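Report on the structure given below.
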Number of protein chains: 2
Amino acid sequence: MSQKPNLPQGTRDFGPIVVQRRKYILHTIEAVFKKYGFMPIETPAMEQLTTLSGKYGDEGDQLLYKILNTGDYFKKLSSYQAEAIERGELDKSTLPSFDNSIENLDAKKSLAFISEKGLRYDLTVPFARYVTMNRNSITLPFKRYQMQPVWRADKPQKGRYREFWQCDADIIGSDSLLNEAELIKIYDEVFTKLQLPVIIKINNRKLLSALASHIDASQHFSAITIAIDKIDKIGITGVTNILDQAGLNREQIDCIIKFLNFSNEPNPIDLVEAMLGYLQEGALGIAELKKVQSFLNILHPTNRIQFDFTLARGLSYYTGAIVEVQAQAGTFKASIGGGGRYDNLTGIFGMSGLSGVGISFGLDRIYDVLEEHQLFPKELKINDTKILFCYFDEATQLKAIDLCAQLRNHGIAAEVYPEITKKIGKQFEYANKLEIPYACIIGETELESNMLQVKNLQSGVQNPMDIHSMINLLNE
Amino acid sequence: MSQKPNLPQGTRDFGPIVVQRRKYILHTIEAVFKKYGFMPIETPAMEQLTTLSGKYGDEGDQLLYKILNTGDYFKKLSSYQAEAIERGELDKSTLPSFDNSIENLDAKKSLAFISEKGLRYDLTVPFARYVTMNRNSITLPFKRYQMQPVWRADKPQKGRYREFWQCDADIIGSDSLLNEAELIKIYDEVFTKLQLPVIIKINNRKLLSALASHIDASQHFSAITIAIDKIDKIGITGVTNILDQAGLNREQIDCIIKFLNFSNEPNPIDLVEAMLGYLQEGALGIAELKKVQSFLNILHPTNRIQFDFTLARGLSYYTGAIVEVQAQAGTFKASIGGGGRYDNLTGIFGMSGLSGVGISFGLDRIYDVLEEHQLFPKELKINDTKILFCYFDEATQLKAIDLCAQLRNHGIAAEVYPEITKKIGKQFEYANKLEIPYACIIGETELESNMLQVKNLQSGVQNPMDIHSMINLLNE
């Protein structure tokens with residue numbers, strides 16, 4: 001019985017040209033990571049739910065893909081239910097109808113009985129787990145990169161997929177702000193190589209924390225960062241509304257808006273310093289930003305790095321510098337990369353006192369922007385094949401196979417048309433569709449002679465040459 | 001609250017040197033795939049369960065990792081239960097006790113309500129799905145390669161992991177046996193490049209089918225292939241027992257054993273031909289093997305390819321040539337690669353009449369064999385860094401950053417020790433642990449002079465040179 005196949009929503013197949021272009025992006029990023037001394041690690045797609053849960057906020061927990069335990073999970077559920085009744089948590093008498101009974105089984109509580117593993121949600125938490133588990137074999141400071149897919153059960157939309165790749169570089173075990181500067185320079189170098197115009201925004205969480213203290217609203221710090229993080233989407237009015245709902249008064253909100261507007265002034269750092277410099281965290285945040293700037297002055301990045309005091313970042317674990325990259329080409333304005341410093345991420349796994357800082361590239365969004373602006377190199381091809389050997393019958397096929405094998409022995413990608421067919425047009429069509437630049441037709445004459453007809457399929461020009469000349473031509 | 005993290009059973013982290021070695025294997029395989037004209041595709045980790053189920057036999061279905069639906073799956077289950085009662089499939093009155101009710105919910109039947117997606121089990125079924133879904137944009141014959149992880153909930157043991165990588169090359173839309181020969185040559189070339197001694201075994205399913213006809217046991221064909229497939233593990237006695245239990249008589253079993261012993265004789269093909277050549281399938285199987293051999297004679301593989309009539313392969317979809325690779329080094333005798341021809345794999349998705357043939361490399365097992373025999377190239381390193389800049393204070397740090405940036409601008413991987421420390425020993429220890437070959441120490445003197453002290457950390461020899469000489473030295 002046949003079935004019409006389809007793909008899970010939010011996931012995609014990648015055909016040859018897409019894979020080549022994705023590899024081009026990956027290799028560009030990886031080459032820069034390596035030049036800066038980062039070393040690769042890889043972690044499994046599946047992690048224990050205990051590792052993943054509670055690390056990405058309530059929303060993140062909802063978006064985790066959970067894997068069904070093998071074996072008879074219903075048996076386990078059933079005994080859980082019996083125990084719950086015994087403990088008095090479930091009242092059997094209040095569950096008279098059979099079909100209601102399962103609804104009373106709270107999905108969250110019973111999850112542990114049917115699922116213990118989930119799919120990787122990002123690369124940072126697995127990295128923190130890796131560092132903790134391998135603490136005895138790792139040399140600190142540890143500079144690692146990791147380029148792997150992650151999965152989130154988010155609502156698919158433009159630029160948001162359920163399977164997507166992150167490319168992360170992190171340094172753990174070093175407080176030095178040189179790391180921040182080098183990571184920003186890495187962003188700058190990668191997007192320069194990709195010829196993609198971007199803005200690299202920098203801020204420091206300590207300033208946001210000082211701002212909250214300044215207006216006597218430290219208890220609302222999380223709400224303030226979440227509101228500011230949405231400013232690009234909802235504007236000042238939207239931010240005002242959220243802060244109002246969070247319980248901040250007019251005066252507090254006005255002060256936050258004043259702070260957010262500093263970025264539009266000529267000397268924003270001075271203005272922030274004048275407002276928050278009297279607070280220890282404010283002074284530290286300013287000092288850190290200036291220190292990063294002084295390192296960047298030596299590294300000579302392009303002029304697209306800017307301080308942006310409206311940058312907040314969503315994740316809760318950032319404690320110092322935060323950074324975000326926005327494409328300046330086209331309609332898609334969402335971030336294509338981001339990162340920051342986290343002072344105690346390994347602490348959740350029992351290894352405290354280790355500060356780290358990292359950045360992430362969003363492969364799929366970078367791909368979308370490069371594609372929209374046709375910024376992929378023209379020379380990227382769906383295959384490496386330089387020449388197709390065409391022929392007509394069993395005898396000429398054997399000759400073609402022999403010649404093709406000789407080219408391959410010289411490291412040249414070459415193909416023999418696999419099927420015997422008298423139709424030379426069909427063979428040429430194959431070569432054209434696969435963008436193979438040359439064809440060599442083996443007929444009766446070529447069986448006797450050492451001279452071969454090599455046709456340039458773009459120009460149509462055909463030249464006779466021996467196998468050595470052919471090797472030279474195709475090795476160019 | 002901290003927690004001691006761990007990994008799901010059967011999964012592994014890969015540290016820097018392991019990733020580099022895995023990449024070495026992947027790049028070796030990929031380079032050969034490309035030289036033979038194969039093009040890359042990638043498919044998502046998650047597939048619909050309707051795509052995966054029923055494709056790998058009952059055992060395979062058990063080993064599929066299933067992903068829990070998001071949302072309130074218990075609600076769905078509960079309405080399923082109500083409907084089942086309505087249809088009379090479940091009798092409410094026979095389910096008096098609450099804690100028993102769930103046991104009556106058959107895990108298999110209710111699975112659809114809590115899981116609709118699963119993790120990729122191999123690369124062949126997703127490829128067949130891909131070809132079917134993209135039939136209008138694909139040029140046939142289509143030569144694709146795919147190198148991605150797959151997941152199986154199998155019992156972990158030596159050489160068997162729950163997440164492991166396959167590297168597949170398939171040609172679909174061509175009947176030509178040249179494809180079989182080229183794929184065998186690819187195995188030969190890859191393992192030659194990896195310097196790994198192997199035996200590449202070849203057989204043809206048509207001969208096994210003819211054998212079943214010959215002994216009048218075609219209805220037992222599946223049982224016969226499954227039994228023969230286990231011969232390496234259970235020997236002739238074990239095979240005899242299975243066949244006996246399957247209902248074959250002594251005469252039939254003797255004939256199968258006679259056939260299996262042909263491989264030990266001087267001219268096995270002749271013996272098989274004498275036994276089975278009178279049957280159409282037998283004659284075809286022999287002709288196909290001979291044709292593949294004739295192509296291989298032109299391709300000049302090494303002499304480790306052998307016909308093995310005891311080769312059966314586990315998967316049911318093979319219909320012609322079958323091939324399997326066994327490492328000839330060390331203790332681990334399980335297959336490190338295998339493949340074969342399948343005449344109608346896309347048929348299950350509604351696209352019939354398309355013959356294909358493919359091979360697969362098992363990355364993780366190849367890794368294990370190469371590691372056991374120390375066959376990884378010595379030059380593989382955990383990072384690319386050529387030189388570490390060491391320093392003592394803020395002033396020398398800035399000089400070090402500047403020099404390092406100059407080297408990186410020349411494409412040289414270099415690092416500045418990230419933390420300011422007076423302890424030069426600590427900085428050298430970092431370089432040594434990371435196997436960085438050179439160090440450059442920036443002291444007071446170097447702030448004034450253009451001459452730099454470059455120390456070879458292996459020999460201990462230190463030479464003064466300017467930045468240009470340093471660039472020349474490290475670019476070598």
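Ordering of the structure tokens sets the chain letters (A, B, ...), residue numbers begin anew at 1 in every chain, and ligands are numbered from 1 in the order given.
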
Quick one: everything within 8 Å of stretch 231-242 of chain B, counting only C-alpha atoms, minus sequence neighbours fewer than 5 positions away in the same chain. Send it as an MDAnalysis selection string. chainID B and resid 253 257 310

Expected file contents, prior selection, C-alpha atoms, as a PDB file, in the first residue's frame:
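Heads up, here's the output in part19.pdb:
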ATOM      1  CA  ILE B 253      19.161 -28.056   4.851  1.00  0.00           C
ATOM      2  CA  ILE B 257      24.929 -26.048   3.644  1.00  0.00           C
ATOM      3  CA  THR B 310      27.218 -16.918   2.719  1.00  0.00           C
TER       4      THR B 310
END

Dump as a PDB file with C-alpha atoms, in the first residue's frame the residues of chain B that approach chain A to within 6 Å, counting only C-alpha atoms.
ATOM      1  CA  SER B   2      22.701  21.639  41.550  1.00  0.00           C
ATOM      2  CA  GLN B   3      22.391  18.247  39.892  1.00  0.00           C
ATOM      3  CA  LYS B   4      24.967  15.758  38.743  1.00  0.00           C
ATOM      4  CA  PRO B   8      21.438   9.141  27.912  1.00  0.00           C
ATOM      5  CA  ASP B  13      30.157  13.467  23.799  1.00  0.00           C
ATOM      6  CA  PHE B  14      33.057  13.978  21.409  1.00  0.00           C
ATOM      7  CA  GLY B  15      35.985  16.067  22.594  1.00  0.00           C
ATOM      8  CA  PRO B  16      38.299  18.007  20.261  1.00  0.00           C
ATOM      9  CA  LYS B  35      35.220  12.228  -7.202  1.00  0.00           C
ATOM     10  CA  TYR B  36      32.643   9.696  -8.385  1.00  0.00           C
ATOM     11  CA  GLY B  37      30.038  12.381  -9.058  1.00  0.00           C
ATOM     12  CA  MET B  39      25.871  15.089  -4.802  1.00  0.00           C
ATOM     13  CA  PRO B  40      24.988  15.865  -1.168  1.00  0.00           C
ATOM     14  CA  ILE B  41      21.510  16.016   0.311  1.00  0.00           C
ATOM     15  CA  GLU B  42      20.403  16.303   3.939  1.00  0.00           C
ATOM     16  CA  THR B  43      17.093  15.331   5.495  1.00  0.00           C
ATOM     17  CA  GLN B  48       6.676  11.362  10.293  1.00  0.00           C
ATOM     18  CA  LYS B  66       9.299   8.346  18.980  1.00  0.00           C
ATOM     19  CA  ILE B  67       8.755  11.997  19.805  1.00  0.00           C
ATOM     20  CA  LEU B  68       5.983  13.031  22.141  1.00  0.00           C
ATOM     21  CA  LYS B  75      -6.901  14.879  26.228  1.00  0.00           C
ATOM     22  CA  SER B  78      -9.084  10.274  26.625  1.00  0.00           C
ATOM     23  CA  ALA B  82     -14.336   7.195  24.789  1.00  0.00           C
ATOM     24  CA  ASP B  99      -5.706   2.083  38.081  1.00  0.00           C
ATOM     25  CA  ILE B 102      -4.833   2.612  31.516  1.00  0.00           C
ATOM     26  CA  SER B 176      23.306  -0.616 -14.913  1.00  0.00           C
ATOM     27  CA  ILE B 298      38.741  -2.269 -15.617  1.00  0.00           C
ATOM     28  CA  ILE B 348       6.232   2.241  -0.789  1.00  0.00           C
ATOM     29  CA  PHE B 349       5.785   5.984  -1.267  1.00  0.00           C
ATOM     30  CA  GLY B 350       3.847   5.643  -4.532  1.00  0.00           C
ATOM     31  CA  ASN B 383      43.425  22.783  17.211  1.00  0.00           C
ATOM     32  CA  THR B 385      46.905  27.233  16.678  1.00  0.00           C
ATOM     33  CA  ASP B 402      48.364  43.645  18.131  1.00  0.00           C
ATOM     34  CA  ALA B 413      45.850  30.570  13.595  1.00  0.00           C
ATOM     35  CA  GLU B 415      46.200  33.004  20.269  1.00  0.00           C
ATOM     36  CA  GLU B 419      44.280  36.344  31.267  1.00  0.00           C
TER      37      GLU B 419
END

Could you give me, as a list of chain:residue names, the residues within 12 Å of A:Gln252, counting only C-alpha atoms and dropping anything in the same chain fewer than 5 positions from it?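 The neighbour list is A:Leu211, A:Ala212, A:Ser213, A:His214, A:Ile215, A:Asp216, A:Ala217, A:Ser218, A:His220, A:Ile224, A:Thr240, A:Leu243, A:Asp244, A:Ala246, A:Gly247, A:Ile257, A:Lys258, A:Phe259.
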
Can you pull out every residue within 9 Å of B:Cys440, counting only C-alpha atoms, but drop anything in the same chain fewer than 4 positions away, and send it as a PDB file with N, CA and C atoms, in the first residue's frame?
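The result, stored in around35.pdb:
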ATOM      1  N   ILE B 387      50.840  29.455  17.320  1.00  0.00           N
ATOM      2  CA  ILE B 387      51.674  30.200  18.267  1.00  0.00           C
ATOM      3  C   ILE B 387      50.812  30.826  19.362  1.00  0.00           C
ATOM      4  N   LEU B 388      51.354  30.822  20.587  1.00  0.00           N
ATOM      5  CA  LEU B 388      50.683  31.501  21.704  1.00  0.00           C
ATOM      6  C   LEU B 388      51.508  32.712  22.114  1.00  0.00           C
ATOM      7  N   PHE B 389      50.868  33.878  22.195  1.00  0.00           N
ATOM      8  CA  PHE B 389      51.544  35.075  22.686  1.00  0.00           C
ATOM      9  C   PHE B 389      51.381  35.158  24.203  1.00  0.00           C
ATOM     10  N   CYS B 390      52.535  35.207  24.885  1.00  0.00           N
ATOM     11  CA  CYS B 390      52.547  35.293  26.343  1.00  0.00           C
ATOM     12  C   CYS B 390      53.003  36.695  26.742  1.00  0.00           C
ATOM     13  N   TYR B 391      52.609  37.150  27.916  1.00  0.00           N
ATOM     14  CA  TYR B 391      52.912  38.524  28.350  1.00  0.00           C
ATOM     15  C   TYR B 391      52.706  38.608  29.851  1.00  0.00           C
ATOM     16  N   ALA B 400      50.864  42.217  22.566  1.00  0.00           N
ATOM     17  CA  ALA B 400      50.606  40.826  22.166  1.00  0.00           C
ATOM     18  C   ALA B 400      49.348  40.737  21.292  1.00  0.00           C
ATOM     19  N   LEU B 452      61.444  39.868  18.066  1.00  0.00           N
ATOM     20  CA  LEU B 452      60.602  39.077  18.966  1.00  0.00           C
ATOM     21  C   LEU B 452      61.278  37.745  19.246  1.00  0.00           C
ATOM     22  N   GLN B 453      61.089  37.236  20.437  1.00  0.00           N
ATOM     23  CA  GLN B 453      61.654  35.938  20.803  1.00  0.00           C
ATOM     24  C   GLN B 453      60.617  34.854  20.523  1.00  0.00           C
ATOM     25  N   VAL B 454      60.937  33.962  19.570  1.00  0.00           N
ATOM     26  CA  VAL B 454      60.002  32.894  19.225  1.00  0.00           C
ATOM     27  C   VAL B 454      60.578  31.566  19.691  1.00  0.00           C
ATOM     28  N   LYS B 455      59.837  30.919  20.580  1.00  0.00           N
ATOM     29  CA  LYS B 455      60.342  29.687  21.190  1.00  0.00           C
ATOM     30  C   LYS B 455      59.638  28.477  20.595  1.00  0.00           C
TER      31      LYS B 455
END

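Residue nearest A:Ser335 within the list A:Asn261, A:Gly356, A:Asp308, A:Ile200: A:Ile200 [criterion: smallest interatomic distance, only C-alpha atoms].
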